[in-house]
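S.K.: Quick one: the structure is below, and I'll ask about it shortly.
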Protein chains: 2
Amino acid sequence: MTPEEFRVAGHQLIDWIADSRATVHEKPVLAQVVPGEIRSRFESEAPGDVVSFDALLAELDNSVVPGVTQVQSPMHFGWFPSNASLSSVLGDIASSGIASLGISWESSPALTEVEEVVCDWMRQLTGLSDAWQGAIHDTASTGCLVAMLVARERATELAQNTGGLQGLSQPLMVYTSPQAHSSVAKAALLAGFGWDNIRMVDVDPDTFAMNAESLAKLMEADAAAGKVPACVVAAVGTTGTTAMDPVAAIVDAAAKHRAFVHVDAAMAGTAMLLPECRHLWEGVERSDSISWNPHKWMGTILDCSLLYMRDIDLLQRIMATNPAYLQSPTGDEATQYRDWGIPLGRRFRSLKLLFQLRLDGIEAIQARIRRDLANAKWFEEKVRAADGWEVVAPVDLQTVCVRYYPDGMSEGAELDEFTQGWARAINASGKAFLTASTLPDGWMVRVSIGVEATERQHLEDLWTLMQAAVAS
Amino acid sequence: MTPEEFRVAGHQLIDWIADSRATVHEKPVLAQVVPGEIRSRFESEAPGDVVSFDALLAELDNSVVPGVTQVQSPMHFGWFPSNASLSSVLGDIASSGIASLGISWESSPALTEVEEVVCDWMRQLTGLSDAWQGAIHDTASTGCLVAMLVARERATELAQNTGGLQGLSQPLMVYTSPQAHSSVAKAALLAGFGWDNIRMVDVDPDTFAMNAESLAKLMEADAAAGKVPACVVAAVGTTGTTAMDPVAAIVDAAAKHRAFVHVDAAMAGTAMLLPECRHLWEGVERSDSISWNPHKWMGTILDCSLLYMRDIDLLQRIMATNPAYLQSPTGDEATQYRDWGIPLGRRFRSLKLLFQLRLDGIEAIQARIRRDLANAKWFEEKVRAADGWEVVAPVDLQTVCVRYYPDGMSEGAELDEFTQGWARAINASGKAFLTASTLPDGWMVRVSIGVEATERQHLEDLWTLMQAAVAS
């Protein structure tokens with residue numbers, strides 16, 4: 001395809017995208033398809049023929065879009081927000097257009113150095129000290145795995161250079177809570193610790209936050225038994241209920257064993273753009289690594305996950321490779337992001353953040369986050385005031401966890417089925433989307449507020465839908 | 001930013017991209033900047049103000065583009081091609097515009113199922129049997145890590161569910177060659193095997209391909225010593241010289257120990273789109289996993305790395321998470337790609353491949369690859385015929401490894417400095433870019449052919465530059 005052919009098709013595509021976004025509220029939020037339905041719209045044999053760009057756009061409309069759950073819809077209240085602000089979409093398009101190769105500083109100095117710049121801006125904007133340095137990873141799952149590998153190697157003084165995890169006489173232990181994201185346990189397993197060496201610390205029954213006293217006791221007991229407390233993952237904003245693990249108390253407990261503390265603030269990191277929210281991660285300066293996702297609530301299009309570390313030298317000693325074909329005359333003066341994470345090749349992801357900060361501006365982003373926090377408080381009050389409804393977890397951020405108790409149904413399988421049933425009914429209607437999830441006492445429904453397009457009116461509409469759903 | 005504001009800016013950006021690509025040959029190939037130079041063009045304090053889109057485009061021109069090494073330039077012969085065909089750029093833009101969230105089938109059925117479709121098309125187009133299933137990962141580094149984790153768990157019958165690598169009585173061993181990509185050893189270290197348990201199998205002194213007899217002997221010796229040969233990584237197209245490890249002999253040797261065989265065809269996978277090249281990975285059907293990067297020579301914009309496995313059930317048992325908040329009514333009928341790799345959240349990357357196949361077509365892609373193979377042969381002959389020049393490795397694909405011997409300089413540090421020097425001089429001119437690398441007997445220069453825009457004339461120009469560089 002020539003640049004001129006690209007120009008013509010690109011203009012059509014921009015219009016297609018603008019039109020799609022302008023009408024996103026008209027589409028079903030949850031894709032109304034069954035497994036295999038989208039697949040069946042494509043030929044099973046690899047295509048030999050080319051098609052026109054018009055035909056390809058028609059294929060997008062007819063065969064792809066019906067299978068897209070519209071997470072940019074103002075009526076999307078599922079999972080967590082996955083905002084793709086159009087400013088960041090432009091940054092993403094610029095990145096595609098520039099088509100850099102990020103395998104070394106030399107292969108794209110701008111890719112490296114703009115990332116350094118914006119990661120430092122984001123550090124400042126979340127109130128972190130300059131002891132932290134960050135890079136952009138795909139997801140917080142990957143960030144957590146990287147953190148856990150660093151924890152593993154720190155605890156063993158770089159056993160990877162000798163026998164790895166296979167040569168240890170005392171097992172390394174990992175601590176997290178059952179409310180932490182599933183990626184934490186996955187990371188621990190992938191890092192080789194083994195399920196038997198993961199401790200699920202209990203949580204406060206009301207706040208669902210990790211009990212730091214229990215953590216301290218578990219670590220003491222493990223140490224006394226000849227095990228090595230190596231890593232604690234604290235969740236700042238759990239996925240279920242946005243519970244806030246007490247970071248200060250956790251770092252205190254971990255410090256006694258020189259255990260590494262990773263703070264998973266995938267969701268709540270965005271809130272730290274507001275000074276008034278930063279008490280929620282008090283103690284974070286004494287942790288060892290922090291990850292959070294601008295690609296959630298902040299609205300930098302996926303994938304854009306920040307991972308900050310204090311000891312970058314250690315990180316690089318663990319991740320570094322320096323084969324001849326990647327050496328460059330710049331030597332140590334240049335940052336080599338390949339040594340800060342798992343993949344060698346990297347996209348120019350910092351442009352997404354640069355564009356969003358330049359075009360939307362931090363003040364508008366902050367104002368939107370405050371709007372969402374206020375909307376959550378408003379919604380919480382609505383639910384609390386209504387008969388039969390309960391708010392079942394603290395509303396620390398923008399997620400309101402609710403349950404409706406029909407007459408004579410206060411717990412158990414029947415209530416669980418009812419709860420999942422009304423959420424499913426709303427989702428199946430395509431009018432709104434909510435995620436059902438569990439707490440120790442059973443199923444509940446998460447109303448996760450914060451899509452860029454979601455205003456108070458949409459919450460009023462949702463509340464009407466919810467009341468109708470439980471009544472039918 | 002509203003859809004209408006996006007529309008206006010988007011059209012400007014498309015023109016900016018088309019103009020940039022149309023003039024890529026006019027820009028220095030290697031960015032002509034020193035470390036810190038790009039960083040210094042940005043304010044160190046996080047910005048508070050917003051700027052116009054015109055101002056942002058000017059910032060791209062003035063502060064970003066000078067720091068971009070132009071890997072789309074027809075005079076880029078470094079590393080490996082990192083082609084971003086404009087058709088795939090359009091697919092990438094469509095992905096950004098659709099802004100899907102790939103965390104489960106339900107969160108974007110189309111994201112999942114189009115990926116299933118195109119991964120199967122790519123399987124067919126590379127001549128693999130339907131025993132293979134694939135997914136798109138960011139890079140072959142990640143693919144190699146995933147493969148190694150599967151190898152680790154297969155060898156231990158899922159030790160991750162008990163003590164992990166910490167509970168084993170016999171160490172697991174990994175085998176690769178010193179010519180394999182640096183990401184292989186990195187993956188083995190990250191997977192916890194430990195450096196002491198990585199065997200670097202020797203290579204044929206002429207072809208730089210792994211010596212399968214040596215591999216067999218090492219595995220025998222390890223097994224006899226109570227160690228467990230767990231994983232072999234075979235390189236099909238090494239980074240240094242595109243050497244081809246003998247896959248058939250390697251799987252034979254591995255089979256005796258039930259060791260897992262991962263085939264790293266990051267570069268050479270593209271060649272397998274040509275039936276006449278498939279002899280180069282003969283035996284691949286008996287390996288356990290294969291990764292290759294359409295984002296290299298094939299030209300699907302980074303990041304797009306395919307990882308195929310035979311035993312997907314095993315992969316999912318290792319990678320699976322199924323928390324309540326990600327459960328969906330579809331159950332087992334739907335593919336959950338989060339259980340096929342490390343990250344939870346995934347971009348809609350399959351659109352890049354879909355667009356390229358639909359708009360360029362496989363026949364044009366094949367013709368371009370054949371053009372590059374012919375250009376490499378032509379260039380090889382030119383070099384072989386010239387006084388003082390040598391082709392120092394077999395030209396199996398599109399990379400020609402060369403060395404120039406000035407009078408009286410046949411080896412050693414002086415020749416190494418000379419070799420790196422003339423490559424550096426060409427790179428510093430901005431007129432072309434080449435990568436110096438090493439072989440056991442010293443430095444050489446790789447002429448890696450295959451940028452989409454590179455025609456015979458560009459090779460003639462390069463050859464002129466090279467002859468001038470060694471003469472000056």
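Chain labels run A, B, ... following the order of the structure tokens; each chain numbers its residues from 1, and ligands are numbered from 1 in the order shown.
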Could you give me the residues within range 13-186 of chain A that DSSP places in strand (DSSP E), as a list in words?

M.R.: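 Strand (DSSP E) members of range 13-186 of chain A, listed: His76, Phe77, Gln133, Gly134, Ala135, Ile136, His137, Leu172, Met173, Val174, Tyr175 and Thr176 of chain A.
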
S.K.: May I have the residues within 7 Å of Gln170 in chain A as a list of chain:residue names, using only C-alpha atoms and disregarding those fewer than 5 positions away in the same chain?

M.R.: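 Surrounding residues, per the criterion: A:Gly226, A:Lys227, A:Val228.
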
S.K.: Only C-alpha atoms, please: the residues just picked out, written as a PDB file, in the first residue's frame.

M.R.:
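Heads up, here's the output in again17.pdb:
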```
ATOM      1  CA  GLY A 226      13.068 -21.682  58.349  1.00  0.00           C
ATOM      2  CA  LYS A 227      11.204 -20.191  55.424  1.00  0.00           C
ATOM      3  CA  VAL A 228      12.059 -16.899  53.784  1.00  0.00           C
TER       4      VAL A 228
END
```

S.K.: Report the residues of range 128-185 of chain A whose backbone DSSP state falls under alpha helix (DSSP H), written as a count of residues only.

M.R.: 20

S.K.: Using only C-alpha atoms, can you tell me which of B:Gly388, B:Gly341, B:Gly408, B:Gly450 comes closest to Ala135 in chain B?

M.R.: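 That would be B:Gly341, the residue with the smallest distance to Ala135 in chain B.
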
S.K.: If we count only C-alpha atoms and set the cut-off at 12 Å, which residues sit around Asp54 in chain B, ignoring sequence neighbours fewer than 2 positions away in its own chain? Please answer as a PyMOL selection string.

M.R.: (chain A and resi 355+358-359) or (chain B and resi 8-13+16+50-52+56-61)

S.K.: Output N, CA and C atoms of each residue in that selection to a file, as an mmCIF file, in the first residue's frame.

M.R.:
```
data_model
loop_
_atom_site.group_PDB
_atom_site.id
_atom_site.type_symbol
_atom_site.label_atom_id
_atom_site.label_comp_id
_atom_site.auth_asym_id
_atom_site.auth_seq_id
_atom_site.Cartn_x
_atom_site.Cartn_y
_atom_site.Cartn_z
ATOM 1 N N PHE A 355 0.009 12.659 24.342
ATOM 2 C CA PHE A 355 -1.124 13.296 23.649
ATOM 3 C C PHE A 355 -2.258 13.612 24.634
ATOM 4 N N ARG A 358 -1.220 16.584 26.794
ATOM 5 C CA ARG A 358 -1.119 17.827 26.028
ATOM 6 C C ARG A 358 -2.489 18.321 25.553
ATOM 7 N N LEU A 359 -3.344 17.383 25.149
ATOM 8 C CA LEU A 359 -4.604 17.802 24.505
ATOM 9 C C LEU A 359 -5.763 17.935 25.505
ATOM 10 N N VAL B 8 -11.421 16.115 13.189
ATOM 11 C CA VAL B 8 -10.587 17.155 12.590
ATOM 12 C C VAL B 8 -9.097 16.839 12.788
ATOM 13 N N ALA B 9 -8.741 16.514 14.027
ATOM 14 C CA ALA B 9 -7.338 16.218 14.322
ATOM 15 C C ALA B 9 -6.891 14.939 13.625
ATOM 16 N N GLY B 10 -7.787 13.971 13.575
ATOM 17 C CA GLY B 10 -7.457 12.686 12.958
ATOM 18 C C GLY B 10 -7.102 12.837 11.484
ATOM 19 N N HIS B 11 -7.861 13.676 10.792
ATOM 20 C CA HIS B 11 -7.544 13.903 9.373
ATOM 21 C C HIS B 11 -6.163 14.548 9.216
ATOM 22 N N GLN B 12 -5.879 15.494 10.094
ATOM 23 C CA GLN B 12 -4.542 16.110 10.046
ATOM 24 C C GLN B 12 -3.455 15.061 10.278
ATOM 25 N N LEU B 13 -3.732 14.193 11.247
ATOM 26 C CA LEU B 13 -2.723 13.192 11.612
ATOM 27 C C LEU B 13 -2.496 12.189 10.485
ATOM 28 N N TRP B 16 -0.325 13.765 8.084
ATOM 29 C CA TRP B 16 1.035 13.820 8.645
ATOM 30 C C TRP B 16 1.740 12.472 8.479
ATOM 31 N N VAL B 50 -2.862 22.973 28.289
ATOM 32 C CA VAL B 50 -3.150 22.208 27.081
ATOM 33 C C VAL B 50 -2.596 22.974 25.885
ATOM 34 N N VAL B 51 -2.389 22.229 24.799
ATOM 35 C CA VAL B 51 -1.893 22.866 23.571
ATOM 36 C C VAL B 51 -2.836 22.498 22.425
ATOM 37 N N SER B 52 -2.732 23.239 21.346
ATOM 38 C CA SER B 52 -3.549 22.938 20.167
ATOM 39 C C SER B 52 -2.980 21.709 19.457
ATOM 40 N N LEU B 56 0.910 20.394 18.825
ATOM 41 C CA LEU B 56 1.376 19.044 19.145
ATOM 42 C C LEU B 56 2.044 18.402 17.921
ATOM 43 N N LEU B 57 1.479 18.609 16.760
ATOM 44 C CA LEU B 57 2.121 18.082 15.540
ATOM 45 C C LEU B 57 3.498 18.738 15.336
ATOM 46 N N ALA B 58 3.582 20.010 15.647
ATOM 47 C CA ALA B 58 4.885 20.683 15.533
ATOM 48 C C ALA B 58 5.876 20.084 16.528
ATOM 49 N N GLU B 59 5.378 19.741 17.719
ATOM 50 C CA GLU B 59 6.255 19.098 18.699
ATOM 51 C C GLU B 59 6.733 17.734 18.189
ATOM 52 N N LEU B 60 5.841 17.004 17.550
ATOM 53 C CA LEU B 60 6.257 15.717 16.953
ATOM 54 C C LEU B 60 7.391 15.958 15.954
ATOM 55 N N ASP B 61 7.180 16.940 15.082
ATOM 56 C CA ASP B 61 8.196 17.222 14.053
ATOM 57 C C ASP B 61 9.524 17.659 14.655
#
```

S.K.: Please provide as a PyMOL selection string all residues within 8 Å of Phe433 in chain A, with the sequence filter that same-chain residues fewer than 2 positions apart are discarded (counting only C-alpha atoms).

M.R.: chain A and resi 29-30+75-78+423+426-427+430-431+435

S.K.: Those selected residues, please, written with N, CA and C atoms and delivered as a PDB file, in the first residue's frame.

M.R.:
```pdb
ATOM      1  N   VAL A  29     -24.470  -2.571  24.956  1.00  0.00           N
ATOM      2  CA  VAL A  29     -23.209  -2.502  25.684  1.00  0.00           C
ATOM      3  C   VAL A  29     -22.511  -3.860  25.622  1.00  0.00           C
ATOM      4  N   LEU A  30     -23.229  -4.901  26.047  1.00  0.00           N
ATOM      5  CA  LEU A  30     -22.660  -6.253  25.929  1.00  0.00           C
ATOM      6  C   LEU A  30     -22.930  -6.769  24.516  1.00  0.00           C
ATOM      7  N   MET A  75     -23.086   3.566  29.373  1.00  0.00           N
ATOM      8  CA  MET A  75     -23.840   2.621  30.200  1.00  0.00           C
ATOM      9  C   MET A  75     -23.013   1.374  30.538  1.00  0.00           C
ATOM     10  N   HIS A  76     -21.715   1.460  30.351  1.00  0.00           N
ATOM     11  CA  HIS A  76     -20.830   0.363  30.758  1.00  0.00           C
ATOM     12  C   HIS A  76     -20.391   0.570  32.207  1.00  0.00           C
ATOM     13  N   PHE A  77     -20.814  -0.351  33.064  1.00  0.00           N
ATOM     14  CA  PHE A  77     -20.449  -0.273  34.486  1.00  0.00           C
ATOM     15  C   PHE A  77     -19.787  -1.581  34.934  1.00  0.00           C
ATOM     16  N   GLY A  78     -19.249  -2.308  33.988  1.00  0.00           N
ATOM     17  CA  GLY A  78     -18.660  -3.613  34.307  1.00  0.00           C
ATOM     18  C   GLY A  78     -17.190  -3.502  34.654  1.00  0.00           C
ATOM     19  N   ALA A 423     -28.484  -9.253  37.318  1.00  0.00           N
ATOM     20  CA  ALA A 423     -27.378  -8.631  36.576  1.00  0.00           C
ATOM     21  C   ALA A 423     -27.351  -9.166  35.142  1.00  0.00           C
ATOM     22  N   ILE A 426     -30.033  -7.558  32.944  1.00  0.00           N
ATOM     23  CA  ILE A 426     -29.658  -6.218  32.463  1.00  0.00           C
ATOM     24  C   ILE A 426     -28.628  -6.332  31.345  1.00  0.00           C
ATOM     25  N   ASN A 427     -27.629  -7.176  31.558  1.00  0.00           N
ATOM     26  CA  ASN A 427     -26.572  -7.324  30.544  1.00  0.00           C
ATOM     27  C   ASN A 427     -27.145  -7.847  29.227  1.00  0.00           C
ATOM     28  N   GLY A 430     -28.678  -5.445  26.745  1.00  0.00           N
ATOM     29  CA  GLY A 430     -27.806  -4.554  25.990  1.00  0.00           C
ATOM     30  C   GLY A 430     -27.888  -3.109  26.441  1.00  0.00           C
ATOM     31  N   LYS A 431     -28.775  -2.822  27.388  1.00  0.00           N
ATOM     32  CA  LYS A 431     -28.969  -1.423  27.799  1.00  0.00           C
ATOM     33  C   LYS A 431     -27.905  -0.928  28.762  1.00  0.00           C
ATOM     34  N   THR A 435     -20.995  -6.121  36.362  1.00  0.00           N
ATOM     35  CA  THR A 435     -20.320  -7.378  36.630  1.00  0.00           C
ATOM     36  C   THR A 435     -20.735  -7.928  37.987  1.00  0.00           C
TER      37      THR A 435
END
```

S.K.: Using only C-alpha atoms for the distances, tell me which of B:Glu455, B:Arg310, B:Leu168, B:Glu380 is nearest to Ser129 in chain B.

M.R.: B:Arg310

S.K.: So which one's closest to Val247 in chain A, A:Ala94, A:Ala230, A:Thr207, A:Ile290? Using only C-alpha atoms, please.

M.R.: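 Nearest candidate to Val247 in chain A out of A:Ala94, A:Ala230, A:Thr207, A:Ile290: A:Ile290.
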
S.K.: For a quick check of understanding, using only C-alpha atoms, which of A:Val470, A:Val402, A:Leu459, A:Leu172 has the smallest distance to chain B?

M.R.: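 Looking only at the distances to chain B, the closest residue turns out to be A:Leu172.
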
S.K.: Ranking A:Asp264, A:Glu411, A:Asp313, A:Asp120 by minimum distance to chain B and counting only C-alpha atoms, which one comes first?

M.R.: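 When distances to chain B are compared using only C-alpha atoms, the smallest one comes from A:Asp120.
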
S.K.: Would you list the contacts of Met409 in chain B as a PDB file with C-alpha atoms, in the first residue's frame, taking every protein, DNA or RNA residue within 10 Å and counting only C-alpha atoms, but skipping same-chain residues closer than 6 positions in sequence?

M.R.:
```
ATOM      1  CA  LEU B 415      40.358  -5.988  12.360  1.00  0.00           C
ATOM      2  CA  ASP B 416      37.511  -5.895  14.865  1.00  0.00           C
ATOM      3  CA  PHE B 418      38.213  -1.646  11.635  1.00  0.00           C
TER       4      PHE B 418
END
```
